[in-house]
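Chemist: Provided herewith is a single structure, encoded as structure tokens, for subsequent inquiry.
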Amino acid sequence: MTQPALVLSGITKTYPGVRALSDVTVAVARGKVHAILGENGAGKSTLVGIAAGSVVPDSGTIGLAGEEFTRIQPRVARERGLAIVYQVPALAPSLSVVDAVLLLLPESKRPARRGAAAWLTAHFERLGLEIDPNATVGALTLREAHLIEIAAALASHPDVLVLDEPTEALGPEETRWLFARIQELLARDVAIVYITHRIPEVVEIAEELTVLRDGKVVGRGKVSDFDEDKIVELIVGRSLETTFPEKASVAAGAEPVLEVLELSGAGFSNLSFSVLPGQIIGFAGVEGNGQREALRAIGGRGATSGRVLVGGRESSVRSYRAATRAGVAFLPGDRLGEAMFGKMSVRENAVSPSLDNVMPTGFVDRPREYRKTREAIAGLSVKTPTLETPVASLSGGNQQKVLLARARLSEPKVLLVEDPTQGVDAGARVEIYAFLRGLAESGVAVVVLSTDAVELEGLCDRVLVFSRGEVMGNLSGDEVNERSITGTAVRSTATGSVTAVSAVPRRRRSGGMLRGELQAGVLVALTIVLATATTFVSSAFLTPLNLSQLLAAAAVIILVGLAQLLVVMTGGIDLSVGSVVALSAVVLSFFGQGGPAYFALGVLLALTAGLVVGLVNGLLVTRLSIPPVIATLVTSIAVVGTAQVLRPMPGGSASADIMTAIGTTIGGVPLVLAVALGIAVLTWFVVQRTRLGRGLRAAGSDPVKANRMGVDVSRMRLFATIAAGVLAAVAGLVLYSRTGIGDANTAQALTLTSVTAIVIAGASIFGGSGSALAVAAAGLLLQVITNSLSYLGLSLSWQYWLQGAFVLFAAVLPLIARRRRPAAEH
Amino acid sequence: MNGVPPQASTVLDRRPLPALVLSWPSTRALIAVLALFLVSPLIAIGSVGPTAIVSMLPFAALTAIIAVGQTLVIQQGGLDLSIPGAVTLAAFIAAKFGSDPAIGLPLAVVIAVLGTTLFGVLSGVVIAVFGLPPLVVTIASNALLVGAVYAVSGGFAAQAPEALSDFALDRVGGVPVLAVIAVVLVIVVQAVLKLTRLGRRFELVGENPRSAEVIGIPVKAYVISAYGLATFLAAIGGVLLAGLLRQPILTAGNVYLLPSIAAVVLGGTALTGGRGSLVGTALGALFLAQLSQLVQTFTQATAVQNIVQALIIGVGIVAQLQLGGSSARLRGLVQRRATQPNSSPDDSTRSVQ
């Protein structure tokens with residue numbers, strides 16, 4: 001036997017309050033499919049995350065390609081032949097498909113950027129996929145993103161391929177397609193790690209299996225030694241009968257507590273069902289078929305048509321507020337993100353929706369709060385040191401119990417729960433099931449959405465199976481079993497091609513590059529219109545002197561805009577830009593009276609000063625985790641202070657020779673503008689066409705996904721702040737070339753201008769995208785505006801008002817446009 | 001697991017009081033303030049004398065008033081960078097219109113405060129409704145405010161009316177009236193936050209707006225009111241500043257931006273939003289004012305003062321942030337440093353071969 005391709009040994013990983021993995025050892029042999037099984041939250045994804053480098057283990061080793069690592073960087077793992085397809089595709093949303101694939105490939109397998117699109121099209125074609133390589137990742141459906149990740153993994157010719165629930169978002173056709181690819185890889189002796197909770201798939205393709213429960217290995221061996229029932233028992237940890245409470249016996253003729261009539265909304269349509277007292281209804285379906293949207297709509301996100309009756313009374317679900325008032329409580333599945341108040345205490349969480357009841361006078365009553373909290377968690381055995389413990393530090397199971405307690409305390413008529421046992425250990429699951437059943441028996445209509453068919457089988461009286469936004473199966477009685485639930489879900493998606501519903505509006509753009517250039521074009525056109533209009537008012541605007549002054553000043557704005565662009569692109573902001581410009585000009589002003597060599601030394605020193613400030617900013621942000629605003633605000637004040645110490649009064653005029661030399665114009669265009677434009681083109685090229693640029697964009701677009709893609713996010717941020725420091729210093733040099741004097745107090749307003757420039761250039765203020773060419777055009781436009789104001793007889797106030805208004809409008813417009821689009825599609 | 005007795009009796013309401021008090025971030029701020037006042041006489045005799053303190057207090061009070069507003073915004077996970085514009089605009093309106101007999105001081109103060117507050121409400125609406133980053137929005141509204149400053153001032157410094165300066169420099173029983181105002185303000189706002197339903201909801205929204213929305217809290221109203229109140233308080237600070245300075249200049253508000261944020265951070269309010277301590281913020285403001293007093297005894301150059309203050313504020317922020325997080329974070333910092341040098345030489349030697 002050859003040695004295994006991947007060995008994880010003694011892996012332990014603890015999250016606050018949860019032991020995700022304890023002492024787990026798995027060896028994956030070449031040429032075999034090794035299935036890793038377990039319930040939601042058993043630790044499967046954490047385990048493969050560790051193998052791929054996106055999760056750092058507390059202890060244990062990772063053996064890959066004959067080497068042992070205590071921790072491994074995602075990039076290193078990929079270089080060593082490990083490819084991974086995540087459960088939620090790890091593709092930074094602002095990248096184009098081709099950029100994303102290029103980032104995912106290890107260096108040895110990567111084609112040149114030139115021709116990469118053609119190469120990718122050919123690769124997709126070979127695999128039988130039809131995806132536009134220039135589409136933006138954020139505009140893809142979940143299914144397409146999955147297929148792209150799989151295609152990228154195949155293109156990297158891996159030795160180990162990790163598939164984390166790959167068929168979750170795929171239809172049966174695509175699943176067969178995937179299995180055929182897996183067979184090809186097996187023939188090439190590739191080791192495959194296959195994570196799933198679909199047991200039939202395991203029996204079909206896997207040769208070996210490891211079962212995890214609550215972070216521990218509870219079973220391993222050859223698949224042929226187990227039958228399906230035995231596997232289920234291993235996964236769940238006990239027989240199903242003892243896990244789930246007795247189902248309801250509904251009295252005949254009972255009035256429904258919740259009635260939903262022909263409800264339609266984004267992602268689902270024509271939903272009708274009712275819940276009788278004592279019943280628990282389940283929502284099932286392949287991920288992305290509208291079940292989540294439907295649940296959320298009833299919870300208060302709102303629907304476009306249809307009616308919801310709670311306790312026989314027509315209820316508005318226009319907003320969460322209205323739904324809550326009508327007695328609908330909704331517990332989202334993303335506990336930390338949108339259900340809990342993580343840093344707040346168990347008490348504050350438990351009473352949060354019931355404040356009117358807990359504080360009837362409007363004033364805090366602590367003893368009453370404690371009493372109510374204890375009342376809420378009664379019978380749930382919440383394990384917490386005190387009631388003041390932050391809820392985020394509890395284990396997943398206890399968090400969920402606090403949330404359920406909170407829901408019960410608010411005395412709802414309807415309880416909607418999304419993924420009630422996600423990340424919950426087996427012991428707590430039993431209690432949660434019993435709690436939900438108890439709540440139903442007390443007359444609350446309970447609706448549960450779950451991805452786990454076994455759970456739905458055990459818990460629900462009736463299950464609605466969703467497909468393409470509509471209910472395709474309404475299972476009740478004996479039909480409520482795992483086989484029919486998954487069977488209905490898969491069968492109904494089998495008819496025709498799968499078009500999964502995506503929560504993201506589908507926007508296809510051909511290439512982010514083109515859009516940037518379009519924006520640049522519009523800005524240049526605006527500049528010309530404004531310049532022409534100003535010329536009509538005052539012909540003095542068009543004199544060569546004014547024009548060359550204007551263009552040289554525009555160079556400064558372009559440079560600070562580019563500096564800001566790089567930082568914002570990586571998800572930060574730099575408020576020290578203006579101060580660095582001042583410092584650079586002041587430093588240079590000490591070298592204005594010597595010879596050219598002396599002046600060059602000054603230039604070097606000024607640039608070094610910018611680099612140092614950028615480095616300090618970057619280290620503060622990446623190493624000390626100080627928010628970028630605060631870090632750069634502090635350095636900004638220290639830097640401007642330094643400049644003021646160097647030159648308390650404006651001074652240090654340059655000699656006439658130097659002024660003439662650096663004021664050179666080429667055919668009316670100042671040298672400094674040419675330099676600035678050159679830098680803009682270079683920046684554009686780096687950002688759009690190189691690996692570094694892809695890394696920068698990915699880091700700003702989604703740091704977590706970027707890290708999974710193998711991008712060193714903090715290195716990207718550091719690079720951006722250093723480059724910004726240097727670019728701001730260059731802007732300082734240009735400023736000095738215009739004024740010929742060092743003044744510490746002139747450049748502060750440039751920080752605002754730099755932000756204005758990137759916002760009107762259409763760069764995303766949330767990070768991830770932006771065109772350097774558009775920034776250059778924006779710089780030109782802004783300077784023309786400033787210059788025109790005096791010719792148009794407008795006061796200085798307008799310079800600020802226009803900038804402020806520009807930023808607000810430019811930032812708000814794309815958001816309004818994006819909101820309109822999905823509405824129009826409907 | 002089944003053998004565990006019913007938890008209800010074993011779960012405590014809260015930790016014992018001493019441990020609880022020590023865990024408050026404002027306790028750390030208090031310790032820092034006490035330490036600074038203890039060290040001050042060793043560095044510069046007379047820096048803690050009655051005259052020194054009475055001359056320092058109005059500035060501490062101004063910073064505190066403005067920083068209370070900043071705390072509210074930071075509790076909502078935001079940051080208000082329009083403070084300089086708001087302070088300056090209110091100062092100029094109060095000075096300029098207040099000197100105009102046709103308007104009169106009281107009306108001028110009302111215009112100054114309410115007019116300026118409108119800009120804050122605008123920021124709040126844009127942030128809450130469109131979900132834009134607070135940084136960008138408040139930078140923009142700062143530009144709008146500065147534009148208004150130029151429009152009101154015509155580009156020149158203004159002279160505050162006599163009555164306003166008299167009020168701002170007044171003392172109540174030997175204590176500067178500004179300090180009294182600040183103390184009352186801090187107590188009132190702290191009480192509303194900690195002792196009322198309204199305050200609790202405000203904290204819930206700040207901690208997690210998405211969760212707050214799901215349980216039916218009108219999130220937008222709270223966010224908008226935070227920005228409105230921040231600008232309102234900055235405007236009050238601006239009016240008082242006009243009285244204190246007598247002749248406010250066009251950049252009068254600029255020096256209050258960093259201190260307003262630093263006071264909040266030193267006071268222990270998390271920048272990620274949620275719970276906040278206004279007492280902590282006030283202590284932070286006191287710390288900053290005493291610090292600048294101390295630095296002034298060494299140098300009169302504002303430039304050097306700026307540098308020293310930025311450095312010390314930077315250190316303070318780092319300390320409070322790192323200590324404020326869990327100790328695991330501190331450990332993580334050390335570990336990262338320890339592992340980084342080991343792995344990078346490895347990489348470089350490999351690539352050379």
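Just so we're on the same page: first chain in the structure tokens is A, next is B, and so on; residues restart at 1 for each chain, and ligands are numbered from 1 in the order they show up.
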Report as a ChimeraX atom specification all protein, DNA and RNA residues lying within 10 Å of stretch 202-217 of chain B, evaluated on only C-alpha atoms, omitting residues in the same chain fewer than 3 positions from it.
Modeler: /A:296,299-301,319-325,328-332,334-344,348-349,352-354,407,410 /B:72-78,192-194,196-199,220-223,225-226,270,272-276
Chemist: Please write the residues from the selection above to a file, keeping C-alpha atoms, as a PDB file, in the first residue's frame.
Modeler:
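Just written: result.pdb:
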```pdb
ATOM      1  CA  ARG A 296     -39.149  34.760   5.936  1.00  0.00           C
ATOM      2  CA  GLY A 299     -42.005  36.167   9.402  1.00  0.00           C
ATOM      3  CA  GLY A 300     -42.309  39.781   8.277  1.00  0.00           C
ATOM      4  CA  ARG A 301     -40.204  40.361   5.227  1.00  0.00           C
ATOM      5  CA  SER A 319     -42.714  44.350   8.111  1.00  0.00           C
ATOM      6  CA  TYR A 320     -41.148  42.369  10.927  1.00  0.00           C
ATOM      7  CA  ARG A 321     -42.721  44.889  13.250  1.00  0.00           C
ATOM      8  CA  ALA A 322     -46.208  44.209  11.904  1.00  0.00           C
ATOM      9  CA  ALA A 323     -45.669  40.448  11.976  1.00  0.00           C
ATOM     10  CA  THR A 324     -44.400  40.568  15.552  1.00  0.00           C
ATOM     11  CA  ARG A 325     -47.462  42.561  16.571  1.00  0.00           C
ATOM     12  CA  VAL A 328     -45.641  35.827  14.641  1.00  0.00           C
ATOM     13  CA  ALA A 329     -42.206  35.064  16.092  1.00  0.00           C
ATOM     14  CA  PHE A 330     -39.415  34.267  13.631  1.00  0.00           C
ATOM     15  CA  LEU A 331     -36.101  32.670  14.600  1.00  0.00           C
ATOM     16  CA  PRO A 332     -33.597  32.968  11.737  1.00  0.00           C
ATOM     17  CA  ASP A 334     -28.094  32.530  11.166  1.00  0.00           C
ATOM     18  CA  ARG A 335     -28.063  32.846  14.924  1.00  0.00           C
ATOM     19  CA  LEU A 336     -25.092  35.126  15.349  1.00  0.00           C
ATOM     20  CA  GLY A 337     -25.918  37.225  12.300  1.00  0.00           C
ATOM     21  CA  GLU A 338     -29.586  37.970  12.705  1.00  0.00           C
ATOM     22  CA  ALA A 339     -31.124  36.267  15.685  1.00  0.00           C
ATOM     23  CA  MET A 340     -29.027  36.934  18.772  1.00  0.00           C
ATOM     24  CA  PHE A 341     -27.463  39.975  20.337  1.00  0.00           C
ATOM     25  CA  GLY A 342     -24.121  38.227  20.718  1.00  0.00           C
ATOM     26  CA  LYS A 343     -22.249  40.427  23.160  1.00  0.00           C
ATOM     27  CA  MET A 344     -25.298  41.017  25.320  1.00  0.00           C
ATOM     28  CA  GLU A 348     -30.989  40.881  27.746  1.00  0.00           C
ATOM     29  CA  ASN A 349     -31.461  38.362  24.930  1.00  0.00           C
ATOM     30  CA  SER A 352     -35.502  41.475  24.165  1.00  0.00           C
ATOM     31  CA  PRO A 353     -38.800  40.941  22.266  1.00  0.00           C
ATOM     32  CA  SER A 354     -40.882  41.214  25.452  1.00  0.00           C
ATOM     33  CA  ALA A 407     -39.643  33.257  21.633  1.00  0.00           C
ATOM     34  CA  SER A 410     -42.987  36.751  23.896  1.00  0.00           C
TER      35      SER A 410
ATOM     36  CA  LEU B  72     -24.366  57.358  20.592  1.00  0.00           C
ATOM     37  CA  VAL B  73     -23.291  57.049  16.959  1.00  0.00           C
ATOM     38  CA  ILE B  74     -20.531  54.573  17.768  1.00  0.00           C
ATOM     39  CA  GLN B  75     -23.062  52.529  19.737  1.00  0.00           C
ATOM     40  CA  GLN B  76     -24.946  52.212  16.461  1.00  0.00           C
ATOM     41  CA  GLY B  77     -21.798  50.789  14.880  1.00  0.00           C
ATOM     42  CA  GLY B  78     -21.141  54.046  13.044  1.00  0.00           C
ATOM     43  CA  VAL B 192     -31.967  57.126  29.734  1.00  0.00           C
ATOM     44  CA  LEU B 193     -29.717  54.486  28.174  1.00  0.00           C
ATOM     45  CA  LYS B 194     -29.424  52.219  31.170  1.00  0.00           C
ATOM     46  CA  THR B 196     -35.384  52.906  30.337  1.00  0.00           C
ATOM     47  CA  ARG B 197     -36.971  50.662  27.767  1.00  0.00           C
ATOM     48  CA  LEU B 198     -36.031  53.189  25.111  1.00  0.00           C
ATOM     49  CA  GLY B 199     -32.370  52.955  26.107  1.00  0.00           C
ATOM     50  CA  LYS B 220     -34.183  53.034  11.285  1.00  0.00           C
ATOM     51  CA  ALA B 221     -35.725  55.425  13.784  1.00  0.00           C
ATOM     52  CA  TYR B 222     -33.036  54.594  16.331  1.00  0.00           C
ATOM     53  CA  VAL B 223     -30.207  54.968  13.827  1.00  0.00           C
ATOM     54  CA  SER B 225     -31.961  59.630  16.044  1.00  0.00           C
ATOM     55  CA  ALA B 226     -28.385  58.669  16.944  1.00  0.00           C
ATOM     56  CA  ALA B 270     -16.774  49.103  21.649  1.00  0.00           C
ATOM     57  CA  THR B 272     -18.376  47.525  16.838  1.00  0.00           C
ATOM     58  CA  GLY B 273     -21.459  49.011  18.457  1.00  0.00           C
ATOM     59  CA  GLY B 274     -23.864  47.921  21.153  1.00  0.00           C
ATOM     60  CA  ARG B 275     -23.340  48.710  24.776  1.00  0.00           C
ATOM     61  CA  GLY B 276     -21.789  52.043  25.619  1.00  0.00           C
TER      62      GLY B 276
END
```
Chemist: Please report as JSON lines every residue of chain B lying within 7 Å of chain A, along with the nearest atom pair and their distance in Å (one decimal), using only C-alpha atoms.
Modeler:
```
{"residue": "B:Pro6", "atom": "CA", "partner": "A:Ser381", "partner_atom": "CA", "distance": 6.4}
{"residue": "B:Gln7", "atom": "CA", "partner": "A:Ser381", "partner_atom": "CA", "distance": 5.4}
{"residue": "B:Ala8", "atom": "CA", "partner": "A:Ala378", "partner_atom": "CA", "distance": 6.9}
{"residue": "B:Val11", "atom": "CA", "partner": "A:Thr386", "partner_atom": "CA", "distance": 5.3}
{"residue": "B:Leu12", "atom": "CA", "partner": "A:Thr386", "partner_atom": "CA", "distance": 4.6}
{"residue": "B:Asp13", "atom": "CA", "partner": "A:Leu387", "partner_atom": "CA", "distance": 4.9}
{"residue": "B:Arg14", "atom": "CA", "partner": "A:Thr386", "partner_atom": "CA", "distance": 5.2}
{"residue": "B:Arg15", "atom": "CA", "partner": "A:Thr386", "partner_atom": "CA", "distance": 6.7}
{"residue": "B:Phe130", "atom": "CA", "partner": "A:Val812", "partner_atom": "CA", "distance": 6.8}
{"residue": "B:Val137", "atom": "CA", "partner": "A:Leu808", "partner_atom": "CA", "distance": 6.6}
{"residue": "B:Ile139", "atom": "CA", "partner": "A:Leu752", "partner_atom": "CA", "distance": 6.9}
{"residue": "B:Ala140", "atom": "CA", "partner": "A:Gly804", "partner_atom": "CA", "distance": 4.2}
{"residue": "B:Ser141", "atom": "CA", "partner": "A:Gly804", "partner_atom": "CA", "distance": 6.0}
{"residue": "B:Ala143", "atom": "CA", "partner": "A:Gly804", "partner_atom": "CA", "distance": 5.0}
{"residue": "B:Leu144", "atom": "CA", "partner": "A:Trp801", "partner_atom": "CA", "distance": 4.8}
{"residue": "B:Val146", "atom": "CA", "partner": "A:Tyr800", "partner_atom": "CA", "distance": 6.6}
{"residue": "B:Gly147", "atom": "CA", "partner": "A:Ser797", "partner_atom": "CA", "distance": 4.0}
{"residue": "B:Ala148", "atom": "CA", "partner": "A:Ser797", "partner_atom": "CA", "distance": 6.4}
{"residue": "B:Tyr150", "atom": "CA", "partner": "A:Ser797", "partner_atom": "CA", "distance": 5.3}
{"residue": "B:Ala151", "atom": "CA", "partner": "A:Ser797", "partner_atom": "CA", "distance": 5.7}
{"residue": "B:Leu195", "atom": "CA", "partner": "A:Val364", "partner_atom": "CA", "distance": 4.9}
{"residue": "B:Thr196", "atom": "CA", "partner": "A:Phe363", "partner_atom": "CA", "distance": 4.2}
{"residue": "B:Arg197", "atom": "CA", "partner": "A:Gly362", "partner_atom": "CA", "distance": 5.1}
{"residue": "B:Leu204", "atom": "CA", "partner": "A:Phe341", "partner_atom": "CA", "distance": 6.8}
{"residue": "B:Glu207", "atom": "CA", "partner": "A:Phe341", "partner_atom": "CA", "distance": 6.0}
{"residue": "B:Asn208", "atom": "CA", "partner": "A:Phe341", "partner_atom": "CA", "distance": 5.8}
{"residue": "B:Arg210", "atom": "CA", "partner": "A:Glu338", "partner_atom": "CA", "distance": 5.0}
{"residue": "B:Ser211", "atom": "CA", "partner": "A:Glu338", "partner_atom": "CA", "distance": 4.2}
{"residue": "B:Glu213", "atom": "CA", "partner": "A:Tyr320", "partner_atom": "CA", "distance": 6.5}
{"residue": "B:Val214", "atom": "CA", "partner": "A:Tyr320", "partner_atom": "CA", "distance": 5.5}
{"residue": "B:Ile215", "atom": "CA", "partner": "A:Pro353", "partner_atom": "CA", "distance": 5.6}
{"residue": "B:Gly216", "atom": "CA", "partner": "A:Arg321", "partner_atom": "CA", "distance": 3.7}
{"residue": "B:Ile217", "atom": "CA", "partner": "A:Arg321", "partner_atom": "CA", "distance": 6.4}
{"residue": "B:Leu258", "atom": "CA", "partner": "A:Leu633", "partner_atom": "CA", "distance": 7.0}
{"residue": "B:Ala303", "atom": "CA", "partner": "A:Gly641", "partner_atom": "CA", "distance": 4.4}
{"residue": "B:Val304", "atom": "CA", "partner": "A:Gly641", "partner_atom": "CA", "distance": 6.2}
{"residue": "B:Asn306", "atom": "CA", "partner": "A:Gly641", "partner_atom": "CA", "distance": 5.5}
{"residue": "B:Ile307", "atom": "CA", "partner": "A:Ala638", "partner_atom": "CA", "distance": 4.3}
{"residue": "B:Ala310", "atom": "CA", "partner": "A:Val634", "partner_atom": "CA", "distance": 5.4}
{"residue": "B:Gly314", "atom": "CA", "partner": "A:Val634", "partner_atom": "CA", "distance": 6.3}
```
Chemist: Name the residues in contact with A:Ile741 at a cut-off of 8 Å, using only C-alpha atoms, excluding same-chain residues fewer than 5 positions from it; report them as a VMD selection string.
Modeler: chain A and resid 585 to 586 589 650 to 654 736
Chemist: Selected residues, N, CA and C atoms, written as a CSV table (one decimal), in the first residue's frame, please.
Modeler:
```
chain,number,residue,atom,x,y,z
A,585,ALA,N,5.3,67.5,0.7
A,585,ALA,CA,5.7,68.8,0.1
A,585,ALA,C,6.6,69.5,1.0
A,586,VAL,N,6.4,69.4,2.3
A,586,VAL,CA,7.2,70.1,3.3
A,586,VAL,C,8.7,69.6,3.3
A,589,SER,N,10.5,70.7,0.4
A,589,SER,CA,10.8,72.2,0.3
A,589,SER,C,12.1,72.5,1.0
A,650,PRO,N,4.8,78.7,6.3
A,650,PRO,CA,5.1,78.3,4.9
A,650,PRO,C,6.5,78.9,4.5
A,651,GLY,N,7.2,78.1,3.7
A,651,GLY,CA,8.5,78.5,3.3
A,651,GLY,C,9.2,77.5,2.4
A,652,GLY,N,10.5,77.8,2.2
A,652,GLY,CA,11.3,76.8,1.4
A,652,GLY,C,11.0,76.9,-0.1
A,653,SER,N,11.1,78.1,-0.6
A,653,SER,CA,10.8,78.2,-2.0
A,653,SER,C,11.8,77.5,-2.9
A,654,ALA,N,11.4,77.0,-4.1
A,654,ALA,CA,12.3,76.3,-4.9
A,654,ALA,C,13.0,77.3,-5.8
A,736,TYR,N,4.1,70.5,-4.6
A,736,TYR,CA,5.2,71.4,-4.5
A,736,TYR,C,5.6,72.0,-5.8
```
Chemist: Just to confirm, what's the straight-line distance from atom CA of A:Ala83 to atom CA of A:Pro158 in Å (one decimal)?
Modeler: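 We find that atom CA of A:Ala83 and atom CA of A:Pro158 lie 5.8 Å from each other.
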Chemist: Atom CA of B:Thr231 and atom CA of B:Ile127, how far apart in Å?
Modeler: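 Interatomic distance, atom CA of B:Ile127 to atom CA of B:Thr231: 14.3 Å.
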Chemist: How close does stretch 253-304 of chain B get to stretch 84-108 of chain B? List, as a Markdown table, each residue of stretch 253-304 of chain B within 7 Å, its nearest atom pair and the distance in Å to one decimal, counting only C-alpha atoms.
Modeler:
```
| residue | atom | partner | partner_atom | distance |
| --- | --- | --- | --- | --- |
| B:Gly253 | CA | B:Pro84 | CA | 4.1 |
| B:Asn254 | CA | B:Pro84 | CA | 4.6 |
| B:Tyr256 | CA | B:Pro84 | CA | 6.5 |
| B:Leu257 | CA | B:Pro84 | CA | 6.0 |
```
